[in-house]
Structure formats: C-alpha cells, structure tokens
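J.: The structure file model39.csv (CSV, C-alpha atoms and all ligand atoms) is provided below.
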chain,number,residue,atom,x,y,z
P,2,MET,CA,15.3,-6.9,21.7
P,3,ASP,CA,13.7,-4.6,24.3
P,4,ILE,CA,12.0,-1.5,23.2
P,5,ASP,CA,12.7,1.7,25.3
P,6,ILE,CA,9.8,4.0,25.5
P,7,GLN,CA,10.2,7.7,26.1
P,8,LEU,CA,6.9,9.5,26.3
P,9,THR,CA,6.3,13.0,25.0
P,10,ARG,CA,6.0,15.9,27.5
P,11,ASN,CA,4.1,18.0,24.9
P,12,PRO,CA,1.2,15.9,23.5
P,13,LYS,CA,-0.4,17.5,20.5
P,14,SER,CA,-4.1,18.2,20.2
P,15,LYS,CA,-6.0,15.7,18.1
P,16,PRO,CA,-7.3,16.8,14.7
P,17,ASP,CA,-11.0,17.2,13.8
P,18,PRO,CA,-11.9,13.7,12.4
P,19,GLU,CA,-14.3,15.4,9.9
P,20,THR,CA,-11.6,17.2,8.0
P,21,LEU,CA,-8.8,14.6,8.1
P,22,GLU,CA,-6.8,14.3,4.8
P,23,PHE,CA,-4.2,11.7,3.9
P,24,GLY,CA,-0.9,11.6,5.6
P,25,LYS,CA,-0.5,15.2,6.7
P,26,ILE,CA,-0.8,14.9,10.5
P,27,PHE,CA,1.4,12.6,12.6
P,28,THR,CA,0.8,11.2,16.1
P,29,ASP,CA,2.8,12.0,19.2
P,30,HIS,CA,5.4,9.1,18.9
P,31,MET,CA,7.5,7.2,16.4
P,32,PHE,CA,9.4,3.9,16.5
P,33,ILE,CA,13.0,3.8,15.5
P,34,ALA,CA,15.7,1.0,15.4
P,35,GLU,CA,19.2,1.1,14.1
P,36,TYR,CA,21.3,-1.3,12.1
P,37,GLU,CA,25.0,-1.7,11.7
P,38,GLU,CA,26.9,-4.3,9.8
P,39,GLY,CA,28.4,-6.9,12.2
P,40,LYS,CA,26.1,-5.8,15.0
P,41,GLY,CA,22.7,-6.3,13.5
P,42,TRP,CA,19.6,-4.4,14.6
P,43,TYR,CA,19.9,-2.6,17.9
P,44,LYS,CA,18.6,0.4,19.9
P,45,ALA,CA,14.9,0.0,19.4
P,46,GLU,CA,13.0,3.0,20.8
P,47,ILE,CA,9.7,4.7,20.9
P,48,LEU,CA,10.4,8.4,21.0
P,49,PRO,CA,8.4,11.7,20.8
P,50,TYR,CA,7.7,12.3,17.0
P,51,ALA,CA,10.4,14.7,15.9
P,52,PRO,CA,12.6,15.6,12.9
P,53,LEU,CA,15.7,13.5,12.4
P,54,GLU,CA,19.2,14.8,12.1
P,55,LEU,CA,20.8,13.2,9.1
P,56,ASP,CA,24.2,13.7,7.3
P,57,PRO,CA,23.8,15.0,3.8
P,58,SER,CA,25.8,12.0,2.5
P,59,ILE,CA,23.5,9.2,3.7
P,60,MET,CA,23.1,6.7,0.9
P,61,ALA,CA,19.3,6.6,0.9
P,62,LEU,CA,19.2,10.2,-0.4
P,63,HIS,CA,21.5,9.4,-3.3
P,64,TYR,CA,20.9,5.9,-4.4
P,65,ALA,CA,17.3,5.2,-3.2
P,66,GLN,CA,18.1,2.3,-0.9
P,67,SER,CA,14.8,2.8,0.8
P,68,VAL,CA,11.7,0.7,1.2
P,69,PHE,CA,8.3,1.3,2.8
P,70,GLU,CA,5.0,-0.4,3.8
P,71,GLY,CA,1.5,0.8,4.3
P,72,LEU,CA,-1.4,-0.6,6.4
P,73,LYS,CA,-4.1,0.7,8.7
P,74,CYS,CA,-5.4,0.4,12.3
P,75,TYR,CA,-9.2,0.5,12.5
P,76,ARG,CA,-11.4,1.3,15.5
P,77,ALA,CA,-14.3,-1.1,15.8
P,78,ALA,CA,-17.7,0.2,17.1
P,79,ASP,CA,-16.9,-1.5,20.5
P,80,GLY,CA,-13.6,0.5,20.8
P,81,ARG,CA,-11.2,-2.4,20.0
P,82,LEU,CA,-8.3,-1.6,17.7
P,83,LEU,CA,-7.9,-3.9,14.7
P,84,LEU,CA,-5.2,-4.6,12.2
P,85,PHE,CA,-5.8,-6.4,8.9
P,86,ARG,CA,-3.2,-9.1,8.1
P,87,PRO,CA,-0.2,-7.0,9.4
P,88,GLU,CA,2.1,-10.0,9.2
P,89,MET,CA,1.7,-9.9,5.4
P,90,ASN,CA,3.1,-6.4,5.3
P,91,PHE,CA,6.2,-7.3,7.3
P,92,LYS,CA,6.8,-10.4,5.1
P,93,ARG,CA,6.5,-8.2,2.0
P,94,MET,CA,8.9,-5.6,3.6
P,95,ASN,CA,11.5,-8.3,3.9
P,96,ARG,CA,11.0,-9.3,0.3
P,97,SER,CA,11.5,-5.7,-0.7
P,98,ASP,CA,14.5,-5.4,1.6
P,99,GLU,CA,16.1,-8.6,0.1
P,100,ARG,CA,15.8,-7.2,-3.4
P,101,LEU,CA,17.4,-3.9,-2.4
P,102,CYS,CA,20.2,-5.5,-0.3
P,103,ILE,CA,18.7,-4.2,3.0
P,104,PRO,CA,19.1,-6.5,6.0
P,105,TYR,CA,16.3,-8.8,7.2
P,106,ILE,CA,14.1,-7.6,10.0
P,107,ASP,CA,12.6,-10.2,12.2
P,108,GLU,CA,8.9,-10.1,11.4
P,109,ASP,CA,7.6,-10.9,14.9
P,110,PHE,CA,9.8,-8.2,16.3
P,111,ALA,CA,8.5,-5.7,13.7
P,112,LEU,CA,4.9,-6.6,14.6
P,113,ARG,CA,5.7,-6.2,18.3
P,114,ALA,CA,7.2,-2.8,17.7
P,115,LEU,CA,4.1,-1.8,15.8
P,116,MET,CA,1.8,-3.1,18.6
P,117,GLU,CA,3.8,-1.1,21.2
P,118,LEU,CA,3.7,2.1,19.2
P,119,LEU,CA,-0.1,1.7,18.6
P,120,LYS,CA,-0.7,1.1,22.3
P,121,THR,CA,1.4,4.3,23.0
P,122,ASP,CA,-0.7,6.4,20.6
P,123,LYS,CA,-4.0,4.5,20.8
P,124,ASP,CA,-6.0,7.6,21.5
P,125,TRP,CA,-5.0,8.8,18.0
P,126,VAL,CA,-7.1,6.1,16.2
P,127,PRO,CA,-10.1,8.0,15.1
P,128,SER,CA,-13.6,6.5,15.5
P,129,LEU,CA,-15.6,8.5,12.9
P,130,ASP,CA,-17.1,6.2,10.2
P,131,GLY,CA,-14.5,5.4,7.5
P,132,THR,CA,-11.5,7.0,9.3
P,133,SER,CA,-8.5,5.1,10.4
P,134,LEU,CA,-4.9,5.4,11.6
P,135,TYR,CA,-2.5,4.9,8.6
P,136,ILE,CA,0.7,3.1,9.5
P,137,ARG,CA,3.9,3.8,7.6
P,138,PRO,CA,6.8,1.4,8.4
P,139,PHE,CA,10.0,2.2,6.4
P,140,VAL,CA,13.7,1.3,6.2
P,141,PHE,CA,16.4,3.4,4.7
P,142,ALA,CA,20.2,3.5,4.2
P,143,THR,CA,22.1,5.8,6.6
P,144,GLU,CA,25.7,5.1,5.9
P,145,ARG,CA,27.6,8.2,5.1
P,146,ALA,CA,29.2,7.4,1.8
P,147,LEU,CA,29.0,8.3,-1.9
P,148,GLY,CA,30.4,5.0,-3.3
P,149,VAL,CA,27.7,2.9,-4.9
P,150,HIS,CA,27.4,-0.3,-2.7
P,151,PRO,CA,24.9,-1.6,-0.2
P,152,SER,CA,24.9,0.6,2.9
P,153,ARG,CA,26.3,-0.8,6.1
P,154,GLN,CA,23.9,1.2,8.3
P,155,TYR,CA,20.1,1.6,8.3
P,156,LYS,CA,17.2,2.9,10.2
P,157,PHE,CA,13.9,1.1,10.5
P,158,MET,CA,11.1,3.4,11.6
P,159,ILE,CA,7.3,3.4,12.0
P,160,ILE,CA,5.2,6.6,11.9
P,161,LEU,CA,1.4,6.9,12.3
P,162,SER,CA,-1.1,9.3,10.7
P,163,PRO,CA,-4.8,9.6,11.3
P,164,VAL,CA,-6.6,9.6,7.9
P,165,GLY,CA,-10.1,10.5,6.7
P,166,ALA,CA,-12.5,8.3,4.8
P,167,TYR,CA,-11.2,7.7,1.3
P,168,TYR,CA,-14.7,8.1,-0.1
P,169,LYS,CA,-16.5,11.0,1.6
P,170,GLU,CA,-19.6,10.5,-0.5
P,171,GLY,CA,-19.5,6.7,-0.8
P,172,LEU,CA,-17.8,4.6,-3.5
P,173,ASN,CA,-16.9,6.7,-6.5
P,174,PRO,CA,-16.0,5.4,-10.0
P,175,VAL,CA,-12.8,6.8,-11.5
P,176,ARG,CA,-11.7,7.7,-15.0
P,177,ILE,CA,-8.5,5.9,-16.0
P,178,VAL,CA,-6.1,6.6,-18.9
P,179,ILE,CA,-4.0,3.8,-20.5
P,180,GLU,CA,-0.4,5.0,-20.4
P,181,ASP,CA,1.4,4.2,-23.6
P,182,GLU,CA,4.6,6.3,-23.2
P,183,TYR,CA,5.9,5.7,-19.7
P,184,VAL,CA,6.3,2.4,-17.8
P,185,ARG,CA,6.4,1.8,-14.1
P,186,SER,CA,8.5,-1.4,-13.9
P,187,VAL,CA,9.9,-4.3,-15.8
P,188,ARG,CA,10.4,-7.9,-14.9
P,189,GLY,CA,13.8,-8.3,-13.2
P,190,GLY,CA,13.5,-4.8,-11.7
P,191,ILE,CA,11.9,-3.8,-8.5
P,192,GLY,CA,8.2,-3.6,-9.4
P,193,PHE,CA,7.3,-6.3,-6.9
P,194,THR,CA,8.8,-4.2,-4.0
P,195,LYS,CA,7.6,-1.2,-2.2
P,196,GLY,CA,11.0,0.4,-3.0
P,197,ALA,CA,10.8,4.2,-2.9
P,198,ALA,CA,12.2,4.5,-6.4
P,199,ASN,CA,9.0,2.8,-7.8
P,200,TYR,CA,7.0,5.8,-6.8
P,201,ALA,CA,9.5,8.4,-8.2
P,202,ILE,CA,9.3,6.6,-11.5
P,203,SER,CA,5.5,6.7,-11.6
P,204,LEU,CA,5.0,10.5,-10.9
P,205,LYS,CA,5.4,11.6,-14.5
P,206,GLY,CA,2.6,9.4,-15.8
P,207,GLN,CA,0.4,10.3,-12.9
P,208,GLU,CA,1.0,14.0,-13.5
P,209,LYS,CA,0.3,13.7,-17.2
P,210,ALA,CA,-3.0,11.8,-16.5
P,211,GLN,CA,-4.2,14.4,-14.0
P,212,ALA,CA,-3.3,17.3,-16.3
P,213,ASN,CA,-5.6,15.6,-18.9
P,214,GLY,CA,-8.5,15.2,-16.4
P,215,PHE,CA,-8.0,11.5,-15.4
P,216,THR,CA,-7.7,10.2,-11.9
P,217,GLN,CA,-5.2,7.4,-12.5
P,218,VAL,CA,-3.0,5.6,-15.0
P,219,LEU,CA,-3.4,2.1,-16.2
P,220,TRP,CA,0.1,0.8,-16.5
P,221,LEU,CA,1.1,-1.7,-19.2
P,222,ASP,CA,4.1,-4.1,-19.1
P,223,GLY,CA,7.4,-2.5,-19.8
P,224,VAL,CA,8.6,-4.9,-22.5
P,225,GLU,CA,5.8,-5.5,-25.0
P,226,ARG,CA,3.6,-2.5,-23.8
P,227,LYS,CA,0.7,-4.8,-24.3
P,228,TYR,CA,-0.3,-6.5,-21.1
P,229,ILE,CA,-2.1,-4.8,-18.2
P,230,GLU,CA,-0.2,-4.5,-14.9
P,231,GLU,CA,-1.7,-2.1,-12.3
P,232,VAL,CA,-3.8,1.0,-12.0
P,233,GLY,CA,-1.9,3.8,-10.3
P,234,THR,CA,-0.7,2.3,-7.0
P,235,MET,CA,-3.4,-0.4,-7.0
P,236,ASN,CA,-3.8,-3.9,-8.3
P,237,VAL,CA,-6.5,-4.3,-10.9
P,238,PHE,CA,-9.3,-6.7,-11.6
P,239,PHE,CA,-11.8,-7.0,-14.4
P,240,LYS,CA,-15.0,-9.1,-14.7
P,241,ILE,CA,-15.3,-10.4,-18.2
P,242,ASN,CA,-18.3,-12.6,-19.2
P,243,GLY,CA,-18.8,-13.9,-15.7
P,244,GLU,CA,-15.1,-14.6,-14.9
P,245,VAL,CA,-12.8,-12.3,-12.9
P,246,VAL,CA,-9.4,-11.8,-14.4
P,247,THR,CA,-6.4,-10.2,-12.7
P,248,PRO,CA,-2.8,-9.9,-14.0
P,249,MET,CA,-0.6,-12.7,-12.6
P,250,LEU,CA,2.3,-11.8,-10.4
P,251,SER,CA,5.2,-11.8,-12.7
P,252,GLY,CA,7.8,-9.7,-10.8
P,253,SER,CA,6.8,-6.4,-12.2
P,254,ILE,CA,3.6,-6.2,-10.2
P,255,LEU,CA,3.2,-5.4,-6.5
P,256,PRO,CA,1.6,-8.3,-4.6
P,257,GLY,CA,-1.1,-6.4,-2.7
P,258,VAL,CA,-2.5,-7.6,0.6
P,259,THR,CA,-5.8,-6.3,-0.7
P,260,ARG,CA,-5.3,-8.2,-4.0
P,261,ASP,CA,-4.7,-11.5,-2.1
P,262,SER,CA,-7.7,-10.9,0.1
P,263,VAL,CA,-10.0,-10.0,-2.9
P,264,ILE,CA,-8.9,-13.2,-4.7
P,265,GLN,CA,-9.9,-15.3,-1.7
P,266,LEU,CA,-13.2,-13.5,-1.3
P,267,ILE,CA,-14.1,-13.9,-4.9
P,268,LYS,CA,-13.3,-17.6,-4.9
P,269,SER,CA,-15.4,-18.0,-1.7
P,270,ARG,CA,-18.3,-16.5,-3.6
P,271,GLY,CA,-18.0,-19.2,-6.2
P,272,ILE,CA,-17.1,-16.8,-8.9
P,273,PRO,CA,-14.5,-18.2,-11.3
P,274,LEU,CA,-11.2,-16.2,-11.2
P,275,SER,CA,-8.0,-16.5,-13.1
P,276,GLU,CA,-4.6,-14.9,-12.6
P,277,ARG,CA,-3.1,-14.6,-16.0
P,278,ARG,CA,-1.8,-12.2,-18.6
P,279,ILE,CA,-4.4,-9.9,-20.0
P,280,SER,CA,-3.7,-7.7,-23.0
P,281,VAL,CA,-5.2,-4.2,-23.4
P,282,ASP,CA,-6.6,-5.4,-26.8
P,283,GLU,CA,-8.4,-8.3,-25.1
P,284,LEU,CA,-9.9,-5.9,-22.6
P,285,LEU,CA,-11.0,-3.2,-25.0
P,286,ASP,CA,-12.5,-5.9,-27.3
P,287,ALA,CA,-14.5,-7.3,-24.4
P,288,GLN,CA,-15.7,-3.8,-23.7
P,289,GLU,CA,-16.8,-3.3,-27.3
P,290,ASN,CA,-18.6,-6.7,-27.4
P,291,GLY,CA,-20.4,-5.9,-24.2
P,292,ARG,CA,-18.6,-8.6,-22.2
P,293,LEU,CA,-16.7,-6.4,-19.9
P,294,GLU,CA,-19.0,-6.2,-16.8
P,295,GLU,CA,-16.9,-4.3,-14.4
P,296,GLY,CA,-13.4,-3.3,-13.3
P,297,PHE,CA,-11.8,-2.1,-10.1
P,298,GLY,CA,-8.5,-1.3,-8.4
P,299,SER,CA,-7.6,-2.8,-5.0
P,300,GLY,CA,-5.3,-1.4,-2.3
P,301,THR,CA,-5.1,-0.5,1.4
P,302,ALA,CA,-6.0,3.2,0.9
P,303,ALA,CA,-9.2,3.0,-1.2
P,304,VAL,CA,-9.9,-0.8,-0.5
P,305,ILE,CA,-11.9,-1.0,-3.8
P,306,SER,CA,-11.9,1.7,-6.5
P,307,PRO,CA,-14.4,1.1,-9.2
P,308,ILE,CA,-13.3,1.9,-12.8
P,309,GLY,CA,-15.9,4.1,-14.6
P,310,SER,CA,-14.0,4.3,-17.8
P,311,LEU,CA,-10.7,3.5,-19.6
P,312,SER,CA,-9.3,5.9,-22.2
P,313,ARG,CA,-6.8,5.2,-24.9
P,314,LYS,CA,-5.6,7.6,-27.6
P,315,GLY,CA,-8.5,9.9,-27.0
P,316,ARG,CA,-11.2,7.2,-27.1
P,317,GLU,CA,-13.2,6.5,-23.9
P,318,PHE,CA,-14.4,3.0,-23.1
P,319,VAL,CA,-17.1,3.2,-20.4
P,320,ILE,CA,-17.4,0.3,-17.9
P,321,ALA,CA,-20.4,-0.7,-15.9
P,322,GLY,CA,-22.3,2.2,-17.4
P,323,GLY,CA,-19.8,4.5,-15.6
P,324,GLY,CA,-21.2,3.4,-12.3
P,325,ILE,CA,-20.4,0.9,-9.6
P,326,GLY,CA,-20.5,-2.8,-10.4
P,327,GLU,CA,-22.3,-5.2,-8.1
P,328,LEU,CA,-19.1,-7.2,-7.4
P,329,SER,CA,-17.1,-4.0,-6.6
P,330,ARG,CA,-19.7,-2.8,-4.2
P,331,GLY,CA,-20.1,-6.3,-2.5
P,332,LEU,CA,-16.3,-6.7,-2.1
P,333,TYR,CA,-16.0,-3.2,-0.7
P,334,GLU,CA,-18.8,-3.8,1.9
P,335,GLN,CA,-17.4,-7.2,2.9
P,336,LEU,CA,-13.7,-6.1,3.2
P,337,THR,CA,-14.4,-2.9,5.1
P,338,GLY,CA,-16.9,-4.9,7.3
P,339,ILE,CA,-14.2,-7.4,8.2
P,340,GLN,CA,-11.6,-4.6,8.8
P,341,TYR,CA,-13.8,-2.6,11.2
P,342,GLY,CA,-15.1,-5.7,13.0
P,343,ARG,CA,-18.7,-5.3,11.7
P,344,LEU,CA,-18.8,-8.6,9.8
P,345,PRO,CA,-17.6,-12.1,10.5
P,346,ASP,CA,-13.9,-12.8,9.7
P,347,PRO,CA,-14.0,-16.3,8.1
P,348,PHE,CA,-10.4,-16.3,7.1
P,349,GLY,CA,-9.0,-15.1,10.4
P,350,TRP,CA,-7.4,-12.0,9.0
P,351,VAL,CA,-8.0,-9.5,11.8
P,352,ARG,CA,-5.5,-9.0,14.7
P,353,GLU,CA,-6.5,-7.0,17.8
P,354,VAL,CA,-4.0,-4.6,19.2
P,355,VAL,CA,-3.4,-5.8,22.8
P,401,LIG,C1,0.9,-0.7,-2.1
P,401,LIG,C2,0.6,-1.0,-3.5
P,401,LIG,C3,-0.5,-1.8,-3.9
P,401,LIG,C4,-1.5,-2.3,-3.0
P,401,LIG,O1,-1.0,-3.1,-2.0
P,401,LIG,P1,-1.9,-3.3,-0.7
P,401,LIG,O2,-1.1,-4.2,0.1
P,401,LIG,O3,-3.2,-4.0,-1.1
P,401,LIG,O4,-2.1,-2.0,-0.1
P,401,LIG,C5,-0.6,-2.0,-5.3
P,401,LIG,N1,0.3,-1.6,-6.2
P,401,LIG,C6,1.3,-0.8,-5.8
P,401,LIG,C7,2.2,-0.3,-6.9
P,401,LIG,C8,1.5,-0.5,-4.5
P,401,LIG,O5,2.5,0.3,-4.1
Represent the structure of the file as structure tokens.
T.:
Amino acid sequence: MDIDIQLTRNPKSKPDPETLEFGKIFTDHMFIAEYEEGKGWYKAEILPYAPLELDPSIMALHYAQSVFEGLKCYRAADGRLLLFRPEMNFKRMNRSDERLCIPYIDEDFALRALMELLKTDKDWVPSLDGTSLYIRPFVFATERALGVHPSRQYKFMIILSPVGAYYKEGLNPVRIVIEDEYVRSVRGGIGFTKGAANYAISLKGQEKAQANGFTQVLWLDGVERKYIEEVGTMNVFFKINGEVVTPMLSGSILPGVTRDSVIQLIKSRGIPLSERRISVDELLDAQENGRLEEGFGSGTAAVISPIGSLSRKGREFVIAGGGIGELSRGLYEQLTGIQYGRLPDPFGWVREVV
C-alpha cells in the first residue's frame, strides 16, 4: 500500500524542551488509514494534524472497540533518531486487535507508516537530555451503528507528541498503595491488551490512591485478590533474597516491552529470575523479615520506577530504605543508555529511523 503525503502549509512553532509535559502537544502531521470489511485496509495518508469529523454513532464511542500502543523515538547525541523494539509494539497491537475483533494490520506496513511519519516530523524529536518523541498508534471502530457486533469499519492512526524527561530530578522512588477493593482485569478478559477499556476501568483506583497521597496502585488478581499483577500501568518486579521475581503472564497482565527487556537484562547479569505467581502476603512477609531488597515498576514512560514503599490497610512497608535500589538504578542506566544510543546494544533492540 502506498502512503500519500500531504504536507502542512502552516507548520507550528516547536515547544520549549525545558517545559515539555506528557502528551499535551502534537506534531505537524498524523498518519491515518481506513478499513472496510470486504476491502481491507486502504487509503493510507500522512496529513496535517487536525481534528477528525466523526459521526456520533461510531461504535468505538459506545462499545470501546478501541486499542492503542505507546513507544518513543529518541534522539542520539550524534543526531540519529532511534526506536526501541518497535516491531514488538505492532505485534502486541495485533494481539490486542485479535481479542477485540479488530482486523489484523500488517506489521511491516505499520512500521513503514511510522517511519514515514517520523521522517516527515523529524525536527520534532527533541534533543534535550531525557526528552523524546512519544508515539501513539491507535485503532478504533468507525462503523455507524448501535447494534452490538464487531464494527465493519475502522481507522488506524499514529500521532506524535514531544515529551519531557519523566524524572526531572533523577530517578524518584514512589509510594504505592495495595488496592483491595477495585480490580483492573481478570483472566479471560482483556488485561493482556492495550484496549482502551482497560484504562477506563483503572481510573477509579488511581483517583482513590492519589486522593490518599499515593502515586500509584498495586493491582491484585481479580479472582482471589491475593496475587500481585501490576503497578499502575507498569509491570512490576521485586528482588527477594537475591532473586528477582515478576508475576507470570497469565492473561490478566500486560506483556510490556520494557518487562521483556528487563528480564533479558537481569538474566544477562547472572541474577536469578523467576516469572511466577507472587502473593501479597509472601511479599509483605519478605519485607518484614528483611528479605525484600527492592522493587520497581517497568514501562515505556518511566522506564524504571523504584518503589519506595507499599501500603496496605493503613500500614506502610518501606522498601530499600525508601530509596533507589542498586538493581533499579543499574537497569535504568543500561536501558536508557541503549535507547539513546549511548551504550552498546548487545541484543540488537535499536532501530534507526531512515
Ligand atoms: C503499556 C503498559 C505497560 C508497559 O508496557 P511497555 O511496553 O513496557 O510500555 C504495563 N502495564 C500496562 C497496564 C500497560 O498499559
């Protein structure tokens, strides 16, 4: 499929990289392709960034047939533009799509569309330390119909947003609260997808946590309310007595690209790691017995987010003295070093935008 490119006649002025926030400013162009049953994906275009005109009855708005992805483009010190394992994101987008009855999108085509869009808006990739260009691919149902059935029409789009450094004053440990009332997902549901509905369902717990002075929620499994799943919108790792433990992928957990990368890096350091079920009681027991060495979340936005404390029913369990563990810091330095092209890339994860 060819991609038609229509360049803007009114380029916007670039934001001050010092004051960038997350996802508030968008670049000059967007990618958009259409799908229709019987015809497949067609009309792939790069257009000036602009609002869409949509019928009020489109199915995505009513029944949440909508999926997204998130990755970043990094500017290396020598000016090259780098992506981190982007093929993993488009594979995962198709796994999400499959679960939500959204048609398959050729992964090579999606990556080519992204590369074209990045080349069009390459001047928007900021170069200040820690900044990047956040990439948001998404697919949503556009059939005009109120009957509940898989839509027969879709749009696949990519938009870009320059974002600031996640940690303005360096790595920062966060206070986490264990959520006992609400759940994010259950096995058999859509927890393993980046379906839009997963984020609507998590807002209430997040709001409650923040109202009580916590940064994020530690989600437990939706059936037994006993096993650890994720922290906010990040995967989670704990180092207990020399071994790193992370919840195994059971269908209710999002398979993070950062999670997969962290697992490989930890193994390459010769540190034992197991993917298994871990109960909140096991975790808090380890903390009380002095065996819980550190904990951190992993995700594209923060890369590594050290956990300073866990709270449950008003009791606070401090981890790593409330500071940043050695492993958390080491993984953060190594991953960001690979992403920005400062450190060797032994696993061949980085793709240059050319
Ligand atoms: C996106 C996401 C993650 C992290 O995935 P990455 O690919 O590492 O960015 C983890 N958990 C949830 C719920 C997510 O939505």
J.: When you look at stretch 51-66 of chain P with a cut-off of 10 Å (counting all atoms listed in the file), what residues show up, excluding the ones that are within fewer than 2 positions of it in the same chain? I need them as a ChimeraX atom specification.
T.: /P:27,29-31,48-49,68,98,101-103,140-155,196-199,201
J.: Return as JSON, numbers by chain the residues of protein, DNA or RNA that approach ligand LIG 401 (chain P) to within 10 Å, with all atoms listed in the file taken into account.
T.: {"P": [69, 70, 71, 72, 73, 86, 87, 89, 90, 93, 185, 186, 192, 193, 194, 195, 196, 197, 199, 200, 203, 220, 230, 231, 232, 233, 234, 235, 236, 237, 253, 254, 255, 256, 257, 258, 259, 260, 261, 262, 263, 298, 299, 300, 301, 302, 303, 304, 305]}
J.: Just checking: using only C-alpha atoms, which residue out of P:Leu21, P:Ile264, P:Val319, P:Ile308 ends up closest to P:Leu336?
T.: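 Of all the options, P:Ile264 lies closest to P:Leu336.
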J.: Between P:Asp222, P:Glu108, P:Glu317, P:Asp286, which one has atoms that come closest to P:Val178, using all atoms listed in the file?
T.: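 Of P:Asp222, P:Glu108, P:Glu317, P:Asp286, the one nearest P:Val178 is P:Glu317, counting all atoms listed in the file.
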J.: What does the structure give for the distance between atom CA of P:Ser251 and atom CA of P:Gln217, in Å to one decimal?
T.: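 One can read the atom CA of P:Ser251 to atom CA of P:Gln217 distance as 21.8 Å.
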J.: How many Å lie between atom CA of P:Glu46 and atom CA of P:Trp125, rounded to one decimal?
T.: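 Distance between the two atoms: 19.1 Å.
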J.: So the first atom is atom CA of P:Leu161 and the second is atom CA of P:Ile136; what is the distance between them in Å, to one decimal place?
T.: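 If I compute the distance from atom CA of P:Leu161 to atom CA of P:Ile136, I get 4.8 Å.
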J.: Hey, which of P:Ile33, P:Leu266, P:Val218, P:Leu84 ends up closest to P:Phe139? Count all atoms listed in the file.
T.: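 Of P:Ile33, P:Leu266, P:Val218, P:Leu84, the one nearest P:Phe139, counting all atoms listed in the file, is P:Ile33.
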J.: Go through P:Ser269, P:Asp282, P:Thr216, P:Ile106 and flag the residue nearest P:Lys156, using all atoms listed in the file for the distances.
T.: P:Ile106
J.: Nearest to P:Tyr75: which of P:Met94, P:Val126, P:Leu311, P:Ile26 is it, counting all atoms listed in the file?
T.: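 Going through P:Met94, P:Val126, P:Leu311, P:Ile26 one by one, the smallest distance to P:Tyr75 is for P:Val126.
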J.: Could you give me, as a PyMOL selection string, the residues that have an atom at most 6 Å away from the point (-13.3, -7.3, -15.9) in the coordinates of the file, using all atoms listed in the file?
T.: chain P and resi 238-241+245+293-296
